[in-house]
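Peer 1: Got a file for you: target_15.cif, mmCIF, C-alpha atoms and all ligand atoms.
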```cif
data_coords
loop_
_atom_site.group_PDB
_atom_site.id
_atom_site.type_symbol
_atom_site.label_atom_id
_atom_site.label_comp_id
_atom_site.auth_asym_id
_atom_site.auth_seq_id
_atom_site.Cartn_x
_atom_site.Cartn_y
_atom_site.Cartn_z
ATOM 1 C CA MET A 207 -7.208 8.592 -3.786
ATOM 2 C CA ASN A 208 -10.872 8.839 -4.471
ATOM 3 C CA ARG A 209 -12.451 5.456 -5.125
ATOM 4 C CA PRO A 210 -15.340 5.051 -2.679
ATOM 5 C CA PRO A 211 -16.108 3.386 -0.447
ATOM 6 C CA VAL A 212 -12.637 2.218 0.656
ATOM 7 C CA ASN A 213 -10.105 3.110 -2.098
ATOM 8 C CA SER A 214 -9.535 -0.533 -2.911
ATOM 9 C CA LEU A 215 -6.993 -0.925 -5.672
ATOM 10 C CA ASN A 216 -8.432 -2.469 -8.824
ATOM 11 C CA THR A 217 -6.706 -2.378 -12.215
ATOM 12 C CA GLU A 218 -8.378 0.859 -13.242
ATOM 13 C CA HIS A 219 -7.533 2.680 -10.011
ATOM 14 C CA LEU A 220 -3.947 1.429 -10.163
ATOM 15 C CA GLU A 221 -3.701 2.732 -13.733
ATOM 16 C CA GLN A 222 -5.028 6.106 -12.609
ATOM 17 C CA LEU A 223 -2.471 6.277 -9.810
ATOM 18 C CA HIS A 224 0.297 5.272 -12.206
ATOM 19 C CA ARG A 225 -0.729 7.928 -14.744
ATOM 20 C CA ALA A 226 -0.834 10.554 -11.997
ATOM 21 C CA LEU A 227 2.685 9.610 -10.859
ATOM 22 C CA VAL A 228 4.025 9.780 -14.437
ATOM 23 C CA ARG A 229 2.401 13.187 -14.926
ATOM 24 C CA LEU A 230 3.841 14.537 -11.670
ATOM 25 C CA GLU A 231 7.300 13.408 -12.695
ATOM 26 C CA ASN A 232 6.970 14.922 -16.186
ATOM 27 C CA GLU A 233 5.763 18.186 -14.682
ATOM 28 C CA LYS A 234 8.820 18.272 -12.392
ATOM 29 C CA CYS A 235 6.622 18.177 -9.303
ATOM 30 C CA ARG A 236 8.413 19.283 -6.102
ATOM 31 C CA GLY A 237 6.518 16.963 -3.755
ATOM 32 C CA MET A 238 3.435 14.802 -3.325
ATOM 33 C CA ILE A 239 1.050 14.096 -0.447
ATOM 34 C CA LEU A 240 -0.725 10.764 -0.862
ATOM 35 C CA SER A 241 -4.059 11.074 0.859
ATOM 36 C CA SER A 242 -7.630 9.818 0.718
ATOM 37 C CA SER A 243 -11.023 11.351 0.102
ATOM 38 C CA SER A 244 -12.523 8.934 2.639
ATOM 39 C CA PRO A 245 -12.903 10.192 6.215
ATOM 40 C CA THR A 246 -12.080 6.765 7.683
ATOM 41 C CA VAL A 247 -10.048 4.731 5.182
ATOM 42 C CA PHE A 248 -6.683 5.501 3.579
ATOM 43 C CA SER A 249 -6.890 2.441 1.330
ATOM 44 C CA ALA A 250 -8.315 -1.054 1.912
ATOM 45 C CA GLY A 251 -5.489 -2.464 -0.212
ATOM 46 C CA LEU A 252 -5.888 -4.579 -3.292
ATOM 47 C CA ASP A 253 -9.427 -4.982 -4.550
ATOM 48 C CA ILE A 254 -10.074 -8.541 -3.476
ATOM 49 C CA ARG A 255 -12.625 -8.992 -6.261
ATOM 50 C CA GLU A 256 -9.762 -8.747 -8.781
ATOM 51 C CA MET A 257 -8.392 -11.951 -7.281
ATOM 52 C CA TYR A 258 -11.648 -13.861 -7.054
ATOM 53 C CA LYS A 259 -12.252 -16.233 -9.977
ATOM 54 C CA PRO A 260 -10.507 -13.888 -12.403
ATOM 55 C CA GLU A 261 -9.795 -14.540 -16.083
ATOM 56 C CA LEU A 262 -6.127 -15.413 -16.454
ATOM 57 C CA GLU A 263 -5.206 -12.428 -18.641
ATOM 58 C CA LYS A 264 -7.100 -9.994 -16.423
ATOM 59 C CA ALA A 265 -5.308 -11.321 -13.343
ATOM 60 C CA ARG A 266 -1.943 -10.945 -15.085
ATOM 61 C CA LYS A 267 -2.782 -7.389 -16.124
ATOM 62 C CA PHE A 268 -3.914 -6.546 -12.590
ATOM 63 C CA TRP A 269 -0.621 -7.716 -11.114
ATOM 64 C CA ARG A 270 1.550 -6.020 -13.752
ATOM 65 C CA THR A 271 -0.337 -2.777 -13.226
ATOM 66 C CA LEU A 272 0.284 -3.023 -9.485
ATOM 67 C CA GLN A 273 3.989 -3.602 -10.144
ATOM 68 C CA ASP A 274 4.141 -0.614 -12.544
ATOM 69 C CA MET A 275 2.428 1.691 -10.096
ATOM 70 C CA TRP A 276 4.608 0.605 -7.183
ATOM 71 C CA LEU A 277 7.886 0.880 -9.146
ATOM 72 C CA LYS A 278 6.940 4.487 -9.997
ATOM 73 C CA LEU A 279 5.814 5.373 -6.479
ATOM 74 C CA TYR A 280 8.846 3.859 -4.770
ATOM 75 C CA SER A 281 11.295 5.633 -7.060
ATOM 76 C CA THR A 282 9.846 9.144 -7.428
ATOM 77 C CA PRO A 283 12.528 11.792 -7.847
ATOM 78 C CA TYR A 284 10.410 14.168 -5.725
ATOM 79 C CA PRO A 285 9.617 13.788 -1.997
ATOM 80 C CA THR A 286 6.505 11.851 -1.024
ATOM 81 C CA VAL A 287 4.434 11.810 2.171
ATOM 82 C CA ALA A 288 1.515 9.600 3.141
ATOM 83 C CA ALA A 289 -1.201 11.419 5.091
ATOM 84 C CA ILE A 290 -2.809 8.408 6.747
ATOM 85 C CA HIS A 291 -6.095 9.683 8.129
ATOM 86 C CA GLY A 292 -7.807 6.294 7.879
ATOM 87 C CA HIS A 293 -7.162 2.560 7.977
ATOM 88 C CA ALA A 294 -4.394 1.183 5.799
ATOM 89 C CA PRO A 295 -4.390 -2.631 5.639
ATOM 90 C CA ALA A 296 -2.235 -4.705 3.260
ATOM 91 C CA GLY A 297 -1.834 -2.898 -0.084
ATOM 92 C CA GLY A 298 -2.951 0.313 1.675
ATOM 93 C CA CYS A 299 -0.019 -0.100 4.038
ATOM 94 C CA LEU A 300 2.280 -0.776 1.058
ATOM 95 C CA LEU A 301 1.314 2.599 -0.442
ATOM 96 C CA ALA A 302 2.131 4.346 2.830
ATOM 97 C CA LEU A 303 5.406 2.418 3.271
ATOM 98 C CA SER A 304 6.451 3.432 -0.230
ATOM 99 C CA CYS A 305 6.353 7.131 0.591
ATOM 100 C CA GLU A 306 9.318 8.768 2.293
ATOM 101 C CA TYR A 307 7.449 10.034 5.345
ATOM 102 C CA ARG A 308 4.243 9.042 7.109
ATOM 103 C CA VAL A 309 1.855 11.061 9.260
ATOM 104 C CA ILE A 310 -1.063 9.253 10.890
ATOM 105 C CA VAL A 311 -4.125 10.229 12.920
ATOM 106 C CA PRO A 312 -5.404 8.560 16.134
ATOM 107 C CA ASN A 313 -7.506 5.378 16.049
ATOM 108 C CA VAL A 314 -6.153 4.034 12.787
ATOM 109 C CA LYS A 315 -5.057 0.480 11.992
ATOM 110 C CA ILE A 316 -2.162 -0.086 9.623
ATOM 111 C CA GLY A 317 -0.153 -3.152 8.647
ATOM 112 C CA LEU A 318 0.537 -5.997 6.275
ATOM 113 C CA ASN A 319 -2.227 -8.327 7.490
ATOM 114 C CA GLU A 320 -2.034 -10.844 4.638
ATOM 115 C CA THR A 321 -1.106 -13.809 6.855
ATOM 116 C CA GLN A 322 -4.301 -13.321 8.811
ATOM 117 C CA LEU A 323 -6.241 -13.647 5.558
ATOM 118 C CA GLY A 324 -4.443 -16.871 4.682
ATOM 119 C CA ILE A 325 -2.497 -15.215 1.868
ATOM 120 C CA VAL A 326 1.158 -14.221 1.714
ATOM 121 C CA ALA A 327 2.518 -10.711 1.371
ATOM 122 C CA PRO A 328 4.736 -10.716 -1.746
ATOM 123 C CA GLN A 329 8.466 -10.353 -1.227
ATOM 124 C CA TRP A 330 8.537 -6.691 -2.265
ATOM 125 C CA PHE A 331 5.744 -5.834 0.214
ATOM 126 C CA GLN A 332 7.861 -7.513 2.876
ATOM 127 C CA ASP A 333 10.973 -5.638 1.736
ATOM 128 C CA CYS A 334 9.165 -2.313 2.115
ATOM 129 C CA MET A 335 8.178 -3.114 5.693
ATOM 130 C CA ARG A 336 11.702 -4.315 6.517
ATOM 131 C CA ASN A 337 13.197 -1.116 5.065
ATOM 132 C CA VAL A 338 11.035 1.009 7.356
ATOM 133 C CA ILE A 339 10.885 -0.869 10.694
ATOM 134 C CA GLY A 340 13.895 -3.175 10.463
ATOM 135 C CA GLU A 341 14.401 -6.911 10.133
ATOM 136 C CA ARG A 342 13.286 -8.135 13.553
ATOM 137 C CA GLN A 343 10.120 -6.070 13.879
ATOM 138 C CA ALA A 344 9.191 -6.742 10.238
ATOM 139 C CA GLU A 345 9.584 -10.494 10.650
ATOM 140 C CA LYS A 346 7.364 -10.493 13.739
ATOM 141 C CA ALA A 347 4.742 -8.248 12.132
ATOM 142 C CA LEU A 348 4.651 -10.155 8.831
ATOM 143 C CA ILE A 349 4.445 -13.611 10.392
ATOM 144 C CA ALA A 350 1.534 -12.507 12.566
ATOM 145 C CA GLY A 351 -0.106 -10.328 9.910
ATOM 146 C CA HIS A 352 -0.168 -7.715 12.659
ATOM 147 C CA MET A 353 -2.285 -4.609 12.301
ATOM 148 C CA PHE A 354 -0.681 -1.795 14.330
ATOM 149 C CA ASN A 355 -2.784 0.819 16.045
ATOM 150 C CA THR A 356 -1.641 4.430 15.903
ATOM 151 C CA GLU A 357 0.461 4.293 19.069
ATOM 152 C CA GLN A 358 2.118 0.995 18.120
ATOM 153 C CA ALA A 359 2.833 2.255 14.607
ATOM 154 C CA LEU A 360 4.599 5.309 16.016
ATOM 155 C CA GLN A 361 6.514 3.274 18.572
ATOM 156 C CA VAL A 362 7.846 0.786 16.027
ATOM 157 C CA GLY A 363 8.735 3.524 13.511
ATOM 158 C CA LEU A 364 6.154 2.472 10.963
ATOM 159 C CA VAL A 365 4.982 6.086 10.967
ATOM 160 C CA ASP A 366 6.927 9.238 11.702
ATOM 161 C CA GLU A 367 4.327 11.446 13.365
ATOM 162 C CA VAL A 368 0.835 11.475 14.812
ATOM 163 C CA ALA A 369 -1.459 14.418 14.056
ATOM 164 C CA ALA A 370 -4.788 15.135 15.730
ATOM 165 C CA ASP A 371 -7.050 14.984 12.676
ATOM 166 C CA LYS A 372 -7.122 15.102 8.888
ATOM 167 C CA ALA A 373 -6.392 18.835 8.648
ATOM 168 C CA ALA A 374 -3.451 18.566 11.035
ATOM 169 C CA CYS A 375 -2.237 15.476 9.193
ATOM 170 C CA ILE A 376 -2.163 17.330 5.862
ATOM 171 C CA ALA A 377 -0.507 20.334 7.537
ATOM 172 C CA ARG A 378 2.273 18.111 8.941
ATOM 173 C CA ALA A 379 2.687 16.433 5.553
ATOM 174 C CA GLU A 380 3.091 19.882 3.990
ATOM 175 C CA ALA A 381 5.639 20.752 6.664
ATOM 176 C CA PHE A 382 7.678 17.690 5.690
ATOM 177 C CA LEU A 383 7.631 18.755 2.048
ATOM 178 C CA ALA A 384 8.641 22.281 3.057
ATOM 179 C CA SER A 385 11.579 20.829 5.008
ATOM 180 C CA GLN A 386 12.820 19.207 1.803
ATOM 181 C CA ALA A 387 12.259 22.150 -0.502
ATOM 182 C CA ASN A 388 15.730 23.688 -0.300
ATOM 183 C CA LEU A 389 17.704 20.479 -0.720
ATOM 184 C CA PRO A 390 19.566 20.163 -4.027
ATOM 185 C CA LEU A 391 17.266 18.013 -6.169
ATOM 186 C CA LEU A 392 19.823 15.799 -7.856
ATOM 187 C CA ALA A 393 21.711 14.982 -4.656
ATOM 188 C CA ARG A 394 18.470 14.259 -2.814
ATOM 189 C CA LYS A 395 17.136 12.000 -5.537
ATOM 190 C CA THR A 396 20.449 10.154 -5.892
ATOM 191 C CA VAL A 397 20.614 9.341 -2.185
ATOM 192 C CA LYS A 398 16.957 8.239 -2.128
ATOM 193 C CA LEU A 399 17.428 5.912 -5.085
ATOM 194 C CA GLY A 400 20.662 4.593 -3.589
ATOM 195 C CA PHE A 401 18.749 3.492 -0.504
ATOM 196 C CA ARG A 402 15.869 2.030 -2.519
ATOM 197 C CA ASN A 403 17.800 0.527 -5.399
ATOM 198 C CA SER A 404 18.165 -3.036 -4.130
ATOM 199 C CA THR A 405 14.449 -3.300 -3.336
ATOM 200 C CA LEU A 406 13.516 -1.845 -6.723
ATOM 201 C CA SER A 407 15.998 -4.027 -8.621
ATOM 202 C CA ARG A 408 14.762 -7.164 -6.892
ATOM 203 C CA LEU A 409 11.316 -6.653 -8.407
ATOM 204 C CA MET A 410 12.515 -5.205 -11.726
ATOM 205 C CA THR A 411 14.712 -8.188 -12.435
ATOM 206 C CA GLY A 412 12.115 -10.657 -11.222
ATOM 207 C CA ARG A 413 8.881 -9.187 -12.525
ATOM 208 C CA GLU A 414 7.846 -12.145 -14.627
ATOM 209 C CA ALA A 415 8.671 -14.602 -11.866
ATOM 210 C CA ASP A 416 6.739 -12.475 -9.390
ATOM 211 C CA THR A 417 3.702 -12.432 -11.713
ATOM 212 C CA LYS A 418 3.954 -16.188 -12.145
ATOM 213 C CA ILE A 419 4.047 -16.724 -8.383
ATOM 214 C CA PHE A 420 0.976 -14.515 -7.973
ATOM 215 C CA ILE A 421 -0.965 -16.324 -10.698
ATOM 216 C CA GLU A 422 -0.064 -19.801 -9.491
ATOM 217 C CA TYR A 423 -0.894 -18.813 -5.938
ATOM 218 C CA ILE A 424 -4.296 -17.247 -6.466
ATOM 219 C CA PHE A 425 -5.500 -19.914 -8.900
ATOM 220 C CA GLN A 426 -5.161 -22.632 -6.241
ATOM 221 C CA PRO A 427 -8.647 -23.884 -5.279
ATOM 222 C CA LYS A 428 -7.969 -23.531 -1.557
ATOM 223 C CA VAL A 429 -6.833 -19.931 -1.995
ATOM 224 C CA GLN A 430 -9.961 -19.188 -4.065
ATOM 225 C CA LYS A 431 -12.092 -20.693 -1.318
ATOM 226 C CA GLY A 432 -10.385 -18.492 1.257
ATOM 227 C CA ILE A 433 -10.919 -15.381 -0.873
ATOM 228 C CA GLU A 434 -14.587 -16.302 -1.330
ATOM 229 C CA LEU A 435 -15.121 -16.668 2.420
ATOM 230 C CA TYR A 436 -13.286 -13.412 3.123
ATOM 231 C CA LEU A 437 -15.384 -11.507 0.586
ATOM 232 C CA GLN A 438 -18.530 -12.940 2.161
ATOM 233 C CA SER A 439 -17.391 -11.915 5.631
ATOM 234 C CA LEU A 440 -16.660 -8.371 4.434
ATOM 235 C CA SER A 441 -20.038 -7.905 2.766
ATOM 236 C CA LYS A 442 -21.943 -9.515 5.701
ATOM 237 C CA LYS A 443 -20.236 -6.997 7.951
ATOM 238 C CA SER A 444 -21.549 -4.046 5.947
ATOM 239 C CA GLY A 445 -24.933 -5.681 5.358
HETATM 240 C C1 LIG A 501 7.702 -14.360 -0.187
HETATM 241 C C2 LIG A 501 7.162 -15.318 -1.171
HETATM 242 C C3 LIG A 501 5.730 -15.103 -1.402
HETATM 243 C C4 LIG A 501 5.110 -16.141 -2.246
HETATM 244 C C5 LIG A 501 3.651 -16.075 -2.389
HETATM 245 C C6 LIG A 501 3.130 -14.750 -2.799
HETATM 246 C C7 LIG A 501 1.910 -14.946 -3.603
HETATM 247 C C8 LIG A 501 1.098 -13.706 -3.767
HETATM 248 C C9 LIG A 501 -0.222 -13.885 -3.109
HETATM 249 C C10 LIG A 501 -1.205 -12.897 -3.388
HETATM 250 C C11 LIG A 501 -0.842 -11.566 -2.826
HETATM 251 C C12 LIG A 501 -1.992 -10.894 -2.395
HETATM 252 C C13 LIG A 501 -1.686 -9.580 -1.784
HETATM 253 C C14 LIG A 501 -2.683 -8.902 -1.245
HETATM 254 C C15 LIG A 501 -2.562 -7.579 -0.672
HETATM 255 C C16 LIG A 501 -3.894 -6.945 -0.370
HETATM 256 O O1 LIG A 501 -3.957 -5.758 -0.345
HETATM 257 S S1 LIG A 501 -5.244 -7.942 -0.079
HETATM 258 C C17 LIG A 501 -6.489 -6.872 0.495
HETATM 259 C C18 LIG A 501 -6.485 -6.867 1.965
HETATM 260 N N1 LIG A 501 -7.398 -5.886 2.479
HETATM 261 C C19 LIG A 501 -8.112 -6.092 3.557
HETATM 262 O O2 LIG A 501 -8.044 -7.120 4.203
HETATM 263 C C20 LIG A 501 -9.039 -4.971 3.976
HETATM 264 C C21 LIG A 501 -10.434 -5.442 4.059
HETATM 265 N N2 LIG A 501 -11.312 -4.340 4.417
HETATM 266 C C22 LIG A 501 -11.424 -3.901 5.673
HETATM 267 O O3 LIG A 501 -10.786 -4.342 6.607
HETATM 268 C C23 LIG A 501 -12.419 -2.806 5.875
HETATM 269 O O4 LIG A 501 -13.227 -2.716 4.741
HETATM 270 C C24 LIG A 501 -11.796 -1.414 6.151
HETATM 271 C C25 LIG A 501 -11.165 -1.389 7.554
HETATM 272 C C26 LIG A 501 -10.761 -1.043 5.120
HETATM 273 C C27 LIG A 501 -12.924 -0.353 6.103
HETATM 274 O O5 LIG A 501 -13.953 -0.731 6.973
HETATM 275 P P1 LIG A 501 -15.392 -0.057 6.803
HETATM 276 O O6 LIG A 501 -15.254 1.403 6.620
HETATM 277 O O7 LIG A 501 -16.209 -0.557 7.933
HETATM 278 O O8 LIG A 501 -15.933 -0.598 5.406
HETATM 279 P P2 LIG A 501 -16.563 -2.032 5.077
HETATM 280 O O9 LIG A 501 -18.013 -2.004 5.432
HETATM 281 O O10 LIG A 501 -15.744 -3.108 5.666
HETATM 282 O O11 LIG A 501 -16.383 -2.094 3.492
HETATM 283 C C28 LIG A 501 -17.190 -1.305 2.621
HETATM 284 C C29 LIG A 501 -17.329 -2.070 1.319
HETATM 285 O O12 LIG A 501 -16.031 -2.205 0.719
HETATM 286 C C30 LIG A 501 -15.773 -3.594 0.472
HETATM 287 N N3 LIG A 501 -14.332 -3.831 0.656
HETATM 288 C C31 LIG A 501 -13.600 -3.562 1.725
HETATM 289 N N4 LIG A 501 -12.302 -3.866 1.516
HETATM 290 C C32 LIG A 501 -12.224 -4.360 0.257
HETATM 291 C C33 LIG A 501 -11.138 -4.831 -0.557
HETATM 292 N N5 LIG A 501 -9.872 -4.876 -0.115
HETATM 293 N N6 LIG A 501 -11.443 -5.254 -1.793
HETATM 294 C C34 LIG A 501 -12.713 -5.215 -2.260
HETATM 295 N N7 LIG A 501 -13.775 -4.758 -1.546
HETATM 296 C C35 LIG A 501 -13.526 -4.341 -0.302
HETATM 297 C C36 LIG A 501 -16.623 -4.327 1.492
HETATM 298 O O13 LIG A 501 -16.853 -5.631 1.091
HETATM 299 C C37 LIG A 501 -17.863 -3.483 1.492
HETATM 300 O O14 LIG A 501 -18.570 -3.799 0.305
HETATM 301 P P3 LIG A 501 -20.151 -3.888 0.276
HETATM 302 O O15 LIG A 501 -20.639 -2.584 0.808
HETATM 303 O O16 LIG A 501 -20.527 -5.046 1.146
HETATM 304 O O17 LIG A 501 -20.481 -4.112 -1.158
#
```
Just give me the structure as structure tokens.
Ligand SMILES: CCCCCCCCCCCC/C=C/CC(=O)SCCNC(=O)CCNC(=O)[C@H](O)C(C)(C)COP(=O)(O)OP(=O)(O)OC[C@H]1O[C@@H](n2cnc3c(N)ncnc32)[C@H](O)[C@@H]1OP(=O)(O)O
Peer 2:
Amino acid sequence: MNRPPVNSLNTEHLEQLHRALVRLENEKCRGMILSSSSPTVFSAGLDIREMYKPELEKARKFWRTLQDMWLKLYSTPYPTVAAIHGHAPAGGCLLALSCEYRVIVPNVKIGLNETQLGIVAPQWFQDCMRNVIGERQAEKALIAGHMFNTEQALQVGLVDEVAADKAACIARAEAFLASQANLPLLARKTVKLGFRNSTLSRLMTGREADTKIFIEYIFQPKVQKGIELYLQSLSKKSG
């Protein structure tokens, strides 16, 4: 990902990611490392400006593009690793959770923090967390909107490994891909999709309903007010 300053996910960036995933699949890619050009941020999650006073059709397109990108990422036939050498809140955490393996560096925060922002992580975000860390830990983390530090993320199983720095993180991600290289492709892909099928189907069969929930939710005046205040707090911080 290379969308400075924080790889926030707007419609255009989501489309780029989706196109890249389609191309990798068409080219029979043998593995992907999802990483960031930023030295300190993996991805800041959804671009909050896409949800602030949006036009209805643009908001719908934004959400559908996010769904498209995620459905592709979660179901790739090739192995995927997230090299998390920077913070990964909310949608950034979703990207990492959607890969098959996660390597993180020290001093990083990762989690589905939506509750803390006064918004709600959609069901499929929640499902991804549950699939990785289990029901009990996911429920606790989601209710609190908890951001895990590196050590906590490793302890709870949110990530698989800690590496010292970005170079080591990429090297460990490559090692994971190498460990998968000799597995029969069809068998590997079939097992992966078997594990992920119920989560994928839940969104695929409920896409329109999910979009409707998103639209109705973000167009509420009190939610808009919350988004406005959050945007102000973010830009005050950097100003
Ligand atoms: C189960 C049933 C459910 C029913 C209801 C469901 C309904 C659906 C509801 C809606 C769902 C919404 C889902 C949302 C998921 C998301 O992903 S929301 C996004 C959450 N992201 C964050 O909270 C991260 C915010 N950012 C940060 O914490 C920090 O920026 C950082 C730690 C990532 C990086 O810090 P630092 O390096 O210090 O950079 P900053 O100075 O903070 O930021 C630089 C610059 O970027 C802007 N920015 C940061 N994050 C975002 C973002 N996410 N979107 C847009 N812009 C962002 C920030 O304002 C600064 O801009 P300026 O320089 O001031 O212009």
Peer 1: May I ask which of the residues A:Met238, A:Leu300, A:Ala377, A:Leu409 is the closest one to ligand LIG 501 (chain A), counting only C-alpha atoms and all ligand atoms?
Peer 2: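 Nearest to ligand LIG 501 (chain A): A:Leu300.
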Peer 1: Which residue out of A:Pro328, A:Pro210, A:Gly317, A:Pro260 has the minimum interatomic distance to ligand LIG 501 (chain A) when only C-alpha atoms and all ligand atoms are used?
Peer 2: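 Among the listed residues, the smallest separation from ligand LIG 501 (chain A) belongs to A:Pro328.
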Peer 1: Where does the PyMOL selection byres (((chain A and resi 305) around 8) and not hetatm) land in this file, that is, which residues does it pick, as a PDB file with C-alpha atoms, in the coordinates of the input?
Peer 2:
```pdb
ATOM      1  CA  LEU A 279       5.814   5.373  -6.479  1.00  0.00           C
ATOM      2  CA  TYR A 280       8.846   3.859  -4.770  1.00  0.00           C
ATOM      3  CA  PRO A 285       9.617  13.788  -1.997  1.00  0.00           C
ATOM      4  CA  THR A 286       6.505  11.851  -1.024  1.00  0.00           C
ATOM      5  CA  VAL A 287       4.434  11.810   2.171  1.00  0.00           C
ATOM      6  CA  ALA A 288       1.515   9.600   3.141  1.00  0.00           C
ATOM      7  CA  LEU A 301       1.314   2.599  -0.442  1.00  0.00           C
ATOM      8  CA  ALA A 302       2.131   4.346   2.830  1.00  0.00           C
ATOM      9  CA  LEU A 303       5.406   2.418   3.271  1.00  0.00           C
ATOM     10  CA  SER A 304       6.451   3.432  -0.230  1.00  0.00           C
ATOM     11  CA  GLU A 306       9.318   8.768   2.293  1.00  0.00           C
ATOM     12  CA  TYR A 307       7.449  10.034   5.345  1.00  0.00           C
ATOM     13  CA  ARG A 308       4.243   9.042   7.109  1.00  0.00           C
TER      14      ARG A 308
END
```
Peer 1: CA of Glu345 in chain A and CA of Tyr423 in chain A are how many Å apart?
Peer 2: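 Computing the Euclidean distance for CA of Glu345 in chain A and CA of Tyr423 in chain A yields 21.3 Å.
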Peer 1: For ligand LIG 501 (chain A), what centre and edge lengths in Å (one decimal) does the axis-aligned box get once 8 Å is added on each side of all its listed atoms, as JSON?
Peer 2:
```
{"center_x": -6.5, "center_y": -7.4, "center_z": 2.1, "size_x": 44.3, "size_y": 33.5, "size_z": 27.7}
```
Peer 1: As a quick test: using only C-alpha atoms and all ligand atoms, which residues lie no more than 7 Å away from ligand LIG 501 (chain A)? Give them as an NGL selection string.
Peer 2: :A and (211-212 or 214 or 246-247 or 249-255 or 293-298 or 319-320 or 323 or 325-329 or 419-420 or 423-424 or 437 or 440-445)
Peer 1: Which of these residues is nearest to Arg236 in chain A, using all atoms listed in the file: A:Leu406, A:Val397, A:Ile316, A:Leu391?
Peer 2: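 Among A:Leu406, A:Val397, A:Ile316, A:Leu391, it is A:Leu391 that comes nearest to Arg236 in chain A.
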Peer 1: Check the smallest atom-to-atom distance from each of A:Ser244, A:Asn232, A:Thr417, A:Ser439 to Leu262 in chain A using only C-alpha atoms, then report the winner.
Peer 2: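 Going through A:Ser244, A:Asn232, A:Thr417, A:Ser439 one by one, the smallest distance to Leu262 in chain A is for A:Thr417.
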Peer 1: From the list A:Met275, A:Val311, A:Asn216, A:Gln222, which residue is nearest Glu256 in chain A when using only C-alpha atoms?
Peer 2: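 Distance minimum relative to Glu256 in chain A lands on A:Asn216.
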Peer 1: Just the residues within 10 Å of Lys234 in chain A, please, counting all atoms listed in the file, with nothing from its chain fewer than 6 positions along; format it as a list in words.
Peer 2: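 Once the adjacent positions are removed, what remains is Val228, Pro283 and Tyr284 of chain A.
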Peer 1: Could you save those same residues with C-alpha atoms as an mmCIF file, in the coordinates of the input?
Peer 2:
```cif
data_model
loop_
_atom_site.group_PDB
_atom_site.id
_atom_site.type_symbol
_atom_site.label_atom_id
_atom_site.label_comp_id
_atom_site.auth_asym_id
_atom_site.auth_seq_id
_atom_site.Cartn_x
_atom_site.Cartn_y
_atom_site.Cartn_z
ATOM 1 C CA VAL A 228 4.025 9.780 -14.437
ATOM 2 C CA PRO A 283 12.528 11.792 -7.847
ATOM 3 C CA TYR A 284 10.410 14.168 -5.725
#
```
Peer 1: What does the structure give for the distance between CA of Ala350 in chain A and CA of Gln322 in chain A, in Å to one decimal?
Peer 2: 7.0 Å
Peer 1: The PyMOL selection byres (((chain A and resi 357-369) around 8) and not hetatm) - which residues does that actually catch in the file I just gave you? List them as a PyMOL selection string.
Peer 2: chain A and resi 303+307-312+316+335+338-339+343+354-356+370-372+374-375+378
Peer 1: Give the answer as one residue: which of A:Glu263, A:Glu233, A:Asp274, A:Glu341 has the shortest atom-to-atom distance to Leu220 in chain A, using all atoms listed in the file?
Peer 2: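 Once distances to Leu220 in chain A are computed over all atoms listed in the file, the minimum belongs to A:Asp274.
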Peer 1: Take CA of Ile376 in chain A and CA of Ala289 in chain A and report the distance between them in Å, one decimal.
Peer 2: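 Separating CA of Ile376 in chain A from CA of Ala289 in chain A is a distance of 6.0 Å.
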Peer 1: So what does the PyMOL selection byres (((chain A and resi 270) around 12) and not hetatm) actually pick up in this one, as a JSON list (two decimals) with C-alpha atoms, in the coordinates of the input?
Peer 2:
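The resulting result_11.json:
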```
[["chain", "number", "residue", "atom", "x", "y", "z"],
["A", 216, "ASN", "CA", -8.43, -2.47, -8.82],
["A", 217, "THR", "CA", -6.71, -2.38, -12.22],
["A", 220, "LEU", "CA", -3.95, 1.43, -10.16],
["A", 221, "GLU", "CA", -3.70, 2.73, -13.73],
["A", 224, "HIS", "CA", 0.30, 5.27, -12.21],
["A", 263, "GLU", "CA", -5.21, -12.43, -18.64],
["A", 264, "LYS", "CA", -7.10, -9.99, -16.42],
["A", 265, "ALA", "CA", -5.31, -11.32, -13.34],
["A", 266, "ARG", "CA", -1.94, -10.94, -15.08],
["A", 267, "LYS", "CA", -2.78, -7.39, -16.12],
["A", 268, "PHE", "CA", -3.91, -6.55, -12.59],
["A", 269, "TRP", "CA", -0.62, -7.72, -11.11],
["A", 271, "THR", "CA", -0.34, -2.78, -13.23],
["A", 272, "LEU", "CA", 0.28, -3.02, -9.48],
["A", 273, "GLN", "CA", 3.99, -3.60, -10.14],
["A", 274, "ASP", "CA", 4.14, -0.61, -12.54],
["A", 275, "MET", "CA", 2.43, 1.69, -10.10],
["A", 276, "TRP", "CA", 4.61, 0.60, -7.18],
["A", 277, "LEU", "CA", 7.89, 0.88, -9.15],
["A", 409, "LEU", "CA", 11.32, -6.65, -8.41],
["A", 410, "MET", "CA", 12.52, -5.20, -11.73],
["A", 412, "GLY", "CA", 12.12, -10.66, -11.22],
["A", 413, "ARG", "CA", 8.88, -9.19, -12.52],
["A", 414, "GLU", "CA", 7.85, -12.14, -14.63],
["A", 415, "ALA", "CA", 8.67, -14.60, -11.87],
["A", 416, "ASP", "CA", 6.74, -12.48, -9.39],
["A", 417, "THR", "CA", 3.70, -12.43, -11.71],
["A", 418, "LYS", "CA", 3.95, -16.19, -12.14],
["A", 420, "PHE", "CA", 0.98, -14.52, -7.97],
["A", 421, "ILE", "CA", -0.96, -16.32, -10.70]]
```
Peer 1: Show which residues sit within 8 Å of Trp330 in chain A, as a ChimeraX atom specification. Count only C-alpha atoms, and ignore same-chain residues fewer than 4 positions away.
Peer 2: /A:334,405,408-409
Peer 1: Write out as a list in words each polymer residue whose atoms come within 7 Å of Met207 in chain A, counting all atoms listed in the file; drop sequence neighbours fewer than 4 positions from it.
Peer 2: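 Non-adjacent residues within range: Asn213, Ser241, Ser242 and Ser243 of chain A.
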